[in-house]
Protein chains: 4
Amino acid sequence: MSLTLAQARNVIDAALAKGRADSAQPLAVVVLDAGAHPVAMVREDGASLFRFDIAKAKASGALGMGADTRVLAARAASNSVFFQSVVAATGGRLALSPGGVLIRDVEGAVIGAIGISGDTGDCDEACAIAGISAAGLSHGDMK
Amino acid sequence: MSLTLAQARNVIDAALAKGRADSAQPLAVVVLDAGAHPVAMVREDGASLFRFDIAKAKASGALGMGADTRVLAARAASNSVFFQSVVAATGGRLALSPGGVLIRDVEGAVIGAIGISGDTGDCDEACAIAGISAAGLSHGDMK
Amino acid sequence: MSLTLAQARNVIDAALAKGRADSAQPLAVVVLDAGAHPVAMVREDGASLFRFDIAKAKASGALGMGADTRVLAARAASNSVFFQSVVAATGGRLALSPGGVLIRDVEGAVIGAIGISGDTGDCDEACAIAGISAAGLSHGDMK
Amino acid sequence: MSLTLAQARNVIDAALAKGRADSAQPLAVVVLDAGAHPVAMVREDGASLFRFDIAKAKASGALGMGADTRVLAARAASNSVFFQSVVAATGGRLALSPGGVLIRDVEGAVIGAIGISGDTGDCDEACAIAGISAAGLSHGDMK
């Protein structure tokens with residue numbers, strides 16, 4: 001199963017709704033397919049310029065390493081040398097903060113990822129998970 | 001006046017509606033603000049992988065040179081040496097085919113650009129213009 | 001259906017066998033999945049250093065544009081300005097010579113691509129097609 | 001003596017066999033020649049997207065610094081500032097985790113390197129060494 005544009009837009013709309021409900025700072029939201037290629041992206045009015053790049057690097061980092069960026073950021077805290085070398089080896093495609101979340105289909109297969117940047121990592125991640133759930137998809141470590 | 005996310009989404013929705021009405025090939029659509037930063041982007045199911053990069057390079061190229069890519073492609077046909085040097089100097093931020101169209105507010109000021117790739121340059125551009133017009137914005141050379 | 005490593009290796013082995021049977025120059029052969037990520041790659045002894053990069057750019061170019069590089073090279077011959085801008089916009093991920101061939105499953109869906117460089121474009125392409133066919137997969141324009 | 005494709009394939013096949021025997025996570029395996037150019041590469045089904053980049057950066061890092069990445073990672077733990085500057089200076093061609101192992105001929109001369117990523121650094125390295133040994137080649141610090 002591939003992530004469709006219709007699904008990606010549902011994920012984004014619900015993530016933005018969560019952000020507005022929680023009075024989050026302006027967000028950038030990126031949804032990538034399983035191959036880490038962009039499906040849909042939005043940047044809210046007032047979001048600063050790096051937010052898109054950071055959101056994209058959260059989503060691609062989750063896909064590239066096979067884990068949400070919350071998990072990766074925790075690993076990096078105790079092994080920063082390795083993770084910084086991964087950041088360099090991949091041309092900066094990994095942002096080490098919560099908010100990059102794998103998107104899974106009902107069988108648990110990874111079909112893409114969402115990345116959000118703009119507020120705290122915790123808030124960004126909460127919006128990401130709200131978006132995935134509202135679209136009827138699954139997230140996180142299924143193992 | 002800045003291009004808002006709400007406006008960008010209206011432009012994209014109308015451009016996609018035009019594409020579907022015309023049975024266009026699957027399209028990638030990118031809307032950039034006046035600083036050439038992404039505001040919103042979608043890639044239709046089945047669009048090949050470079051379509052996002054090309055759509056973005058059409059939009060950024062229009063902003064970067066101050067003219068729609070139809071005009072730039074025509075100039076490049078008779079002066080390819082210069083335009084290839086621009087492509088190189090800008091790291092590939094100019095795609096020389098119709099489909100990159102400046103977005104203007106009611107006073108004619110450039111507030112962003114749309115880039116579309118997926119079908120012929122003519123079709124891509126028609127969808128771009130349809131999107132801008134449906135959103136109540138203006139396009140093209142006002143001089 | 002995803003392209004498996006086992007399938008990619010069968011494609012490569014048969015492509016190399018064709019190359020040796022035809023006394024081709026030393027070849028580099030790259031197989032990418034549908035997201036343009038490497039699955040398997042080999043470089044024959046004596047192949048010059050750019051062969052891997054060129055083979056990869058043939059495969060990624062076919063996937064990125066949705067057509068074999070023979071078709072793309074022919075289009076580029078009459079519209080070089082656009083195709084050179086695509087090369088730049090995609091960071092050099094398109095090599096404009098035959099030898100980049102889409103790999104399709106039995107239903108015709110694109111599941112990856114093979115790129116070969118080392119001999120003439122015609123020879124490279126013949127080896128690519130031989131590899132795909134021997135692995136029980138399909139190639140080329142199904143429309 | 002140069003590392004041949006036949007040797008590289010033997011190294012890879014034995015490394016993958018070790019990984020399967022040990023129930024390792026899906027692996028990416030890269031073999032580079034003495035000039036750090038790819039000879040052969042495979043990515044097992046299910047390996048996450050960065051595994052190829054990390055495996056390659058382990059192999060090129062071992063060659064670039066003249067030591068296995070286990071040694072380099074240990075040095076980096078106590079001198080991260082220097083090693084991060086090396087990572088930056090080389091464009092990310094050094095991944096600081098075990099699994100990048102120099103390949104030597106029977107006289108001890110470096111003829112290439114293998115890099116593996118997918119499981120823990122210890123497991124990746126064990127598979128790398130198993131591959132080199134099975135192919136009748138030598139590894140590690142001969143000085």
# chains A, B, ... in the order shown; residues from 1 in each chain; ligands from 1
>>> residues_around(residues="Val29 in chain B", least_positions_apart="5", cutoff="10 Å", atoms="only C-alpha atoms", output="MDAnalysis selection string")
(chainID A and resid 40) or (chainID B and resid 11:13 15:16 40:44 51:56 59 99:100 114:118 124 127:128)
>>> residues_around(residues="Ala95 in chain D", least_positions_apart="5", cutoff="9 Å", atoms="only C-alpha atoms", output="PDB file with N, CA and C atoms, in the first residue's frame")
ATOM      1  N   VAL A  81      28.572  11.321  18.778  1.00  0.00           N
ATOM      2  CA  VAL A  81      29.574  11.238  17.715  1.00  0.00           C
ATOM      3  C   VAL A  81      29.040  10.458  16.518  1.00  0.00           C
ATOM      4  N   PHE A  82      28.416   9.316  16.780  1.00  0.00           N
ATOM      5  CA  PHE A  82      27.870   8.520  15.676  1.00  0.00           C
ATOM      6  C   PHE A  82      26.758   9.279  14.964  1.00  0.00           C
ATOM      7  N   PHE A  83      25.813   9.839  15.736  1.00  0.00           N
ATOM      8  CA  PHE A  83      24.675  10.467  15.074  1.00  0.00           C
ATOM      9  C   PHE A  83      25.074  11.708  14.293  1.00  0.00           C
ATOM     10  N   GLN A  84      26.061  12.449  14.782  1.00  0.00           N
ATOM     11  CA  GLN A  84      26.535  13.579  13.983  1.00  0.00           C
ATOM     12  C   GLN A  84      27.174  13.099  12.685  1.00  0.00           C
ATOM     13  N   SER A  85      27.826  11.946  12.735  1.00  0.00           N
ATOM     14  CA  SER A  85      28.400  11.435  11.482  1.00  0.00           C
ATOM     15  C   SER A  85      27.308  10.948  10.535  1.00  0.00           C
ATOM     16  N   VAL A  86      26.208  10.440  11.085  1.00  0.00           N
ATOM     17  CA  VAL A  86      25.083  10.068  10.220  1.00  0.00           C
ATOM     18  C   VAL A  86      24.481  11.311   9.570  1.00  0.00           C
ATOM     19  N   ALA A  88      25.992  13.976   8.779  1.00  0.00           N
ATOM     20  CA  ALA A  88      26.888  14.401   7.698  1.00  0.00           C
ATOM     21  C   ALA A  88      26.845  13.426   6.528  1.00  0.00           C
ATOM     22  N   ALA A  89      26.833  12.124   6.836  1.00  0.00           N
ATOM     23  CA  ALA A  89      26.863  11.116   5.764  1.00  0.00           C
ATOM     24  C   ALA A  89      25.617  11.178   4.894  1.00  0.00           C
TER      25      ALA A  89
ATOM     26  N   ILE D  54      25.265   4.954   5.389  1.00  0.00           N
ATOM     27  CA  ILE D  54      26.095   4.724   6.571  1.00  0.00           C
ATOM     28  C   ILE D  54      27.142   3.652   6.293  1.00  0.00           C
ATOM     29  N   ALA D  55      26.748   2.573   5.629  1.00  0.00           N
ATOM     30  CA  ALA D  55      27.707   1.509   5.295  1.00  0.00           C
ATOM     31  C   ALA D  55      28.840   2.066   4.439  1.00  0.00           C
ATOM     32  N   LYS D  56      28.466   2.890   3.470  1.00  0.00           N
ATOM     33  CA  LYS D  56      29.485   3.468   2.594  1.00  0.00           C
ATOM     34  C   LYS D  56      30.413   4.387   3.379  1.00  0.00           C
ATOM     35  N   ALA D  57      29.857   5.160   4.304  1.00  0.00           N
ATOM     36  CA  ALA D  57      30.677   6.084   5.095  1.00  0.00           C
ATOM     37  C   ALA D  57      31.550   5.333   6.104  1.00  0.00           C
ATOM     38  N   LYS D  58      31.151   4.149   6.506  1.00  0.00           N
ATOM     39  CA  LYS D  58      32.038   3.336   7.346  1.00  0.00           C
ATOM     40  C   LYS D  58      33.234   2.846   6.524  1.00  0.00           C
ATOM     41  N   ALA D  59      32.956   2.342   5.333  1.00  0.00           N
ATOM     42  CA  ALA D  59      34.046   1.817   4.498  1.00  0.00           C
ATOM     43  C   ALA D  59      34.982   2.938   4.060  1.00  0.00           C
ATOM     44  N   SER D  60      34.415   4.051   3.614  1.00  0.00           N
ATOM     45  CA  SER D  60      35.290   5.138   3.147  1.00  0.00           C
ATOM     46  C   SER D  60      36.035   5.778   4.313  1.00  0.00           C
ATOM     47  N   GLY D  61      35.407   5.801   5.476  1.00  0.00           N
ATOM     48  CA  GLY D  61      36.083   6.350   6.645  1.00  0.00           C
ATOM     49  C   GLY D  61      37.273   5.496   7.068  1.00  0.00           C
ATOM     50  N   ALA D  62      37.107   4.174   7.023  1.00  0.00           N
ATOM     51  CA  ALA D  62      38.224   3.288   7.361  1.00  0.00           C
ATOM     52  C   ALA D  62      39.389   3.515   6.400  1.00  0.00           C
ATOM     53  N   THR D  69      36.703   1.366  11.680  1.00  0.00           N
ATOM     54  CA  THR D  69      35.878   2.382  12.340  1.00  0.00           C
ATOM     55  C   THR D  69      35.679   2.089  13.830  1.00  0.00           C
ATOM     56  N   ALA D  73      36.021   5.217  16.103  1.00  0.00           N
ATOM     57  CA  ALA D  73      34.935   5.616  17.004  1.00  0.00           C
ATOM     58  C   ALA D  73      35.452   5.752  18.433  1.00  0.00           C
ATOM     59  N   VAL D  87      34.783  14.750   9.788  1.00  0.00           N
ATOM     60  CA  VAL D  87      33.501  14.436   9.139  1.00  0.00           C
ATOM     61  C   VAL D  87      33.081  15.587   8.226  1.00  0.00           C
ATOM     62  N   GLY D 100      33.098  -0.720   9.755  1.00  0.00           N
ATOM     63  CA  GLY D 100      33.954  -0.384   8.616  1.00  0.00           C
ATOM     64  C   GLY D 100      35.309  -1.034   8.826  1.00  0.00           C
TER      65      GLY D 100
END
>>> closest_atom_pairs(of="chain D", to="chain C", cutoff="10 Å", atoms="only C-alpha atoms", output="tab-separated table")
residue	atom	partner	partner_atom	distance
D:Ser2	CA	C:Asp45	CA	8.9
D:Leu3	CA	C:Asp45	CA	8.6
D:Thr4	CA	C:Asp45	CA	6.0
D:Leu5	CA	C:Glu44	CA	5.9
D:Ala6	CA	C:Glu44	CA	8.8
D:Ala8	CA	C:Val42	CA	9.1
D:Arg9	CA	C:Val42	CA	8.7
D:Ala28	CA	C:Val39	CA	8.8
D:Val29	CA	C:Ala40	CA	9.4
D:Val30	CA	C:Met41	CA	9.1
D:Val31	CA	C:Val42	CA	9.6
D:Gly35	CA	C:Leu49	CA	9.7
D:His37	CA	C:Leu49	CA	7.3
D:Pro38	CA	C:Arg43	CA	7.2
D:Val39	CA	C:Arg43	CA	5.1
D:Ala40	CA	C:Val42	CA	4.3
D:Met41	CA	C:Met41	CA	5.0
D:Val42	CA	C:Ala40	CA	4.3
D:Arg43	CA	C:Val39	CA	5.1
D:Glu44	CA	C:Leu5	CA	5.9
D:Asp45	CA	C:Thr4	CA	6.1
D:Gly46	CA	C:Thr4	CA	9.3
D:Ala47	CA	C:Val39	CA	9.9
D:Leu49	CA	C:His37	CA	7.4
D:Phe50	CA	C:His37	CA	9.6
D:Phe52	CA	C:Pro38	CA	7.7
D:Asp53	CA	C:Pro38	CA	9.9
>>> select_by_dssp(residues="range 18-128 of chain B", states="strand (DSSP E)", output="PyMOL selection string")
chain B and resi 28-33+38-43+100-104+110-117
>>> select_by_dssp(residues="chain A", states="alpha helix (DSSP H)", output="ChimeraX atom specification")
/A:5-21,51-65,69-78,80-89,121-134
>>> closest_residue(among="A:Leu94, A:Ile103, A:Leu72, A:Val110", to="Gly131 in chain A", atoms="only C-alpha atoms")
A:Ile103
